[in-house]
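Colleague: The structure under discussion is supplied below as structure tokens; questions concerning it will follow.
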Amino acid sequence: KRFIMRRQAFEFMDLPQTPRCLRDSIVESLGNAIRWSGVYKNATTVFSEFCASLQSDKLLELCSGSGEPAAILLDTLNKQGKKLPCFLISDLFPVNSKMEKVVEQFPDNIEAINTPLDALSVPDSIPHSARVFISALHHFTPDQARSILRDSAEKGKPIFILEPMNRRLMSVLKLGFFFFLSIMLNPIFSKHDRLLKVMLTYPIPLIPLMGMWDGGISVMRMYKEEELMALTSIIDANFQWKFHNIPVAWGGSMSVFIGNPHEAISGCESANK
């Protein structure tokens with residue numbers, strides 16, 4: 001099966017001048033699309049194994065947006081009877097109203113950093129045992145992604161990267177359907193700027209046009225296995241990298257990329273024997 005060629009074009013979500021209302025609408029729509037599609041369901045086993053390899057379960061989620069990715073993953077784990085880790089959610093453009101909502105939903109498992117946090121410059125002062133990127137790494141250029149992976153390795157921080165689709169057409173179509181549906185219904189569910197979102201979704205379809213542009217570019221930005229492995233080729237040899245291609249119920253597949261110190265992996269394997 002052939003991949004769509006990777007392109008690093010711009011997304012409106014990445015531009016600091018994008019108005020808050022438009023940014024929030026796309027973030028909210030993406031969260032609903034992921035929740036409605038149930039795409040994370042098949043990723044919980046490998047995620048639980050990753051958490052079991054850690055010395056503690058304090059996970060720093062970067063580029064979390066609304067916090068919905070962590071909440072959806074925790075909700076899925078909870079329904080499957082799996083152990084729930086603790087997330088510290090953050091973003092360069094945090095949607096604080098939505099973050100507060102997910103903190104209320106999981107008060108024992110989610111804390112929020114309400115000030116901007118750049119994933120390319122994580123302060124040592126933030127306590128965490130591992131880093132998590134959910135539906136986010138594709139926003140970064142190859143040089144930036146390499147910097148993120150290198151920083152995790154050099155600081156001994158295991159990293160878990162989940163992308164709900166890849167650059168294959170079948171992987172895109174059905175999640176794209178849920179994303180478009182969530183964009184069109186978002187003004188009904190949103191609690192903030194509802195009238196403005198109605199105006200910019202229906203009579204003036206600016207939000208749907210921006211959302212579908214960003215969605216299409218996100219697809220073309222996704223990294224495949226060979227590209228991710230190439231990014232790690234000059235990184236600390238004491239780190240082990242592993243790629244998982246996980247089928248999903250609606251016919252596509254998701255990508256999981258994990259970096260872990262060798263001693264953490266060995267310790268986990270010994271504990272499981």
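Order determines the names: the first chain of the structure tokens is A, the second B, and so forth; residues in each chain are numbered 1 upward, and ligands are numbered 1 upward as they are shown.
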Could you pull the residues within 9 Å of Ala112 of chain A, counting only C-alpha atoms, minus those fewer than 2 positions along the same chain, as a list of chain:residue names?
Modeller: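 My list of contacting residues is A:Gly67, A:Phe87, A:Leu88, A:Ile89, A:Ser90, A:Asn96, A:Met99, A:Glu100, A:Val103, A:Ile110, A:Asn114, A:Thr115.
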Colleague: Env of segment 204-213 of chain A: 9 Å cut, atoms = only C-alpha atoms, seq-sep filter 5 positions within chain, self excluded. Answer as a VMD selection string.
Modeller: chain A and resid 11 to 13 22 to 23 25 to 26 29 to 30 176 179 to 180 183 to 184 197 to 199 218
Colleague: Quick one: pick out all strand (DSSP E or B) residues within segment 11-224 of chain A from a backbone DSSP run and write them as a list in words.
Modeller: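 Listing strand (DSSP E or B) positions across segment 11-224 of chain A yields Lys58, Leu59, Leu60, Glu61, Leu62, Cys86, Phe87, Leu88, Ile89, Ile110, Glu111, Ala112, Ala130, Arg131, Val132, Phe133, Ile134, Ile159, Phe160, Ile161, Leu162 and Glu163 of chain A.
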Colleague: Which neighbours of Glu163 of chain A fall inside 9 Å, counting only C-alpha atoms, when residues of the same chain fewer than 2 positions from it are skipped, and could you give them as a PyMOL selection string?
Modeller: chain A and resi 133-138+161+165-166+222-223+254-257
Colleague: Quick one: residues within 10 Å of Asp108 of chain A, only C-alpha atoms counted, chain neighbours fewer than 6 positions away excluded, as a list of chain:residue names?
Modeller: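 My reading of the contact set: A:Leu84, A:Pro85, A:Cys86, A:Phe87.
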Colleague: Output all heavy atoms of each residue in that selection to a file, as a short mmCIF file (atom, residue, chain, number, x, y, z; two decimals), in the first residue's frame.
Modeller:
data_model
loop_
_atom_site.label_atom_id
_atom_site.label_comp_id
_atom_site.auth_asym_id
_atom_site.auth_seq_id
_atom_site.Cartn_x
_atom_site.Cartn_y
_atom_site.Cartn_z
N LEU A 84 -4.99 3.49 35.57
CA LEU A 84 -4.96 4.84 35.03
C LEU A 84 -3.70 5.58 35.50
O LEU A 84 -3.47 5.67 36.71
CB LEU A 84 -6.20 5.63 35.46
CG LEU A 84 -7.57 5.03 35.15
CD1 LEU A 84 -8.66 6.03 35.52
CD2 LEU A 84 -7.68 4.64 33.68
N PRO A 85 -2.91 6.12 34.60
CA PRO A 85 -1.76 6.94 34.98
C PRO A 85 -2.22 8.36 35.32
O PRO A 85 -3.40 8.70 35.23
CB PRO A 85 -0.89 6.93 33.72
CG PRO A 85 -1.90 6.86 32.61
CD PRO A 85 -3.02 5.99 33.13
N CYS A 86 -1.28 9.21 35.70
CA CYS A 86 -1.57 10.61 35.99
C CYS A 86 -0.96 11.48 34.89
O CYS A 86 0.23 11.35 34.58
CB CYS A 86 -1.00 11.02 37.35
SG CYS A 86 -1.77 10.15 38.73
N PHE A 87 -1.76 12.35 34.32
CA PHE A 87 -1.32 13.24 33.26
C PHE A 87 -1.16 14.67 33.77
O PHE A 87 -1.98 15.15 34.55
CB PHE A 87 -2.36 13.27 32.12
CG PHE A 87 -2.29 12.12 31.17
CD1 PHE A 87 -3.12 11.03 31.32
CD2 PHE A 87 -1.39 12.13 30.10
CE1 PHE A 87 -3.08 9.97 30.44
CE2 PHE A 87 -1.34 11.08 29.21
CZ PHE A 87 -2.18 9.99 29.38
#
Colleague: My list of candidates is A:Lys174, A:Lys82, A:Arg20, A:Lys242. Which is closest to Leu196 of chain A when distances are computed with only C-alpha atoms?
Modeller: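 Closest candidate: A:Arg20.
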Colleague: Identify, on the basis of only C-alpha atoms, every residue whose closest approach to Arg146 of chain A does not exceed 9 Å; exclude the query and any residue fewer than 5 positions from it along the same chain; express the result as an NGL selection string.
Modeller: :A and (141 or 151 or 228 or 231-232 or 235)
Colleague: Write out as a ChimeraX atom specification which residues come within 9 Å of Glu225 of chain A when counting only C-alpha atoms, dropping same-chain ones fewer than 4 positions away.
Modeller: /A:229-230,243-245,255,257
Colleague: Name all residues at most 7 Å from Gly65 of chain A (count only C-alpha atoms; drop same-chain ones fewer than 3 positions away) and give them as number ranges by chain.
Modeller: A: 27, 91, 93-95
Colleague: Would you mind telling me which residue in A:Pro187, A:Phe140, A:Leu175, A:Ala43 lies nearest to Ala9 of chain A when using only C-alpha atoms?
Modeller: A:Phe140
Colleague: Between A:Glu28, A:Gly81, A:Gln144, A:Arg150, which is the closest to Ile188 of chain A once you count only C-alpha atoms?
Modeller: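 Answer, going by the shortest atom-to-atom distance: A:Glu28.
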Colleague: Between atom CA of Lys224 of chain A and atom CA of Arg6 of chain A, what is the spacing in Å?
Modeller: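 Answer for the atom CA of Arg6 of chain A to atom CA of Lys224 of chain A separation: 9.1 Å.
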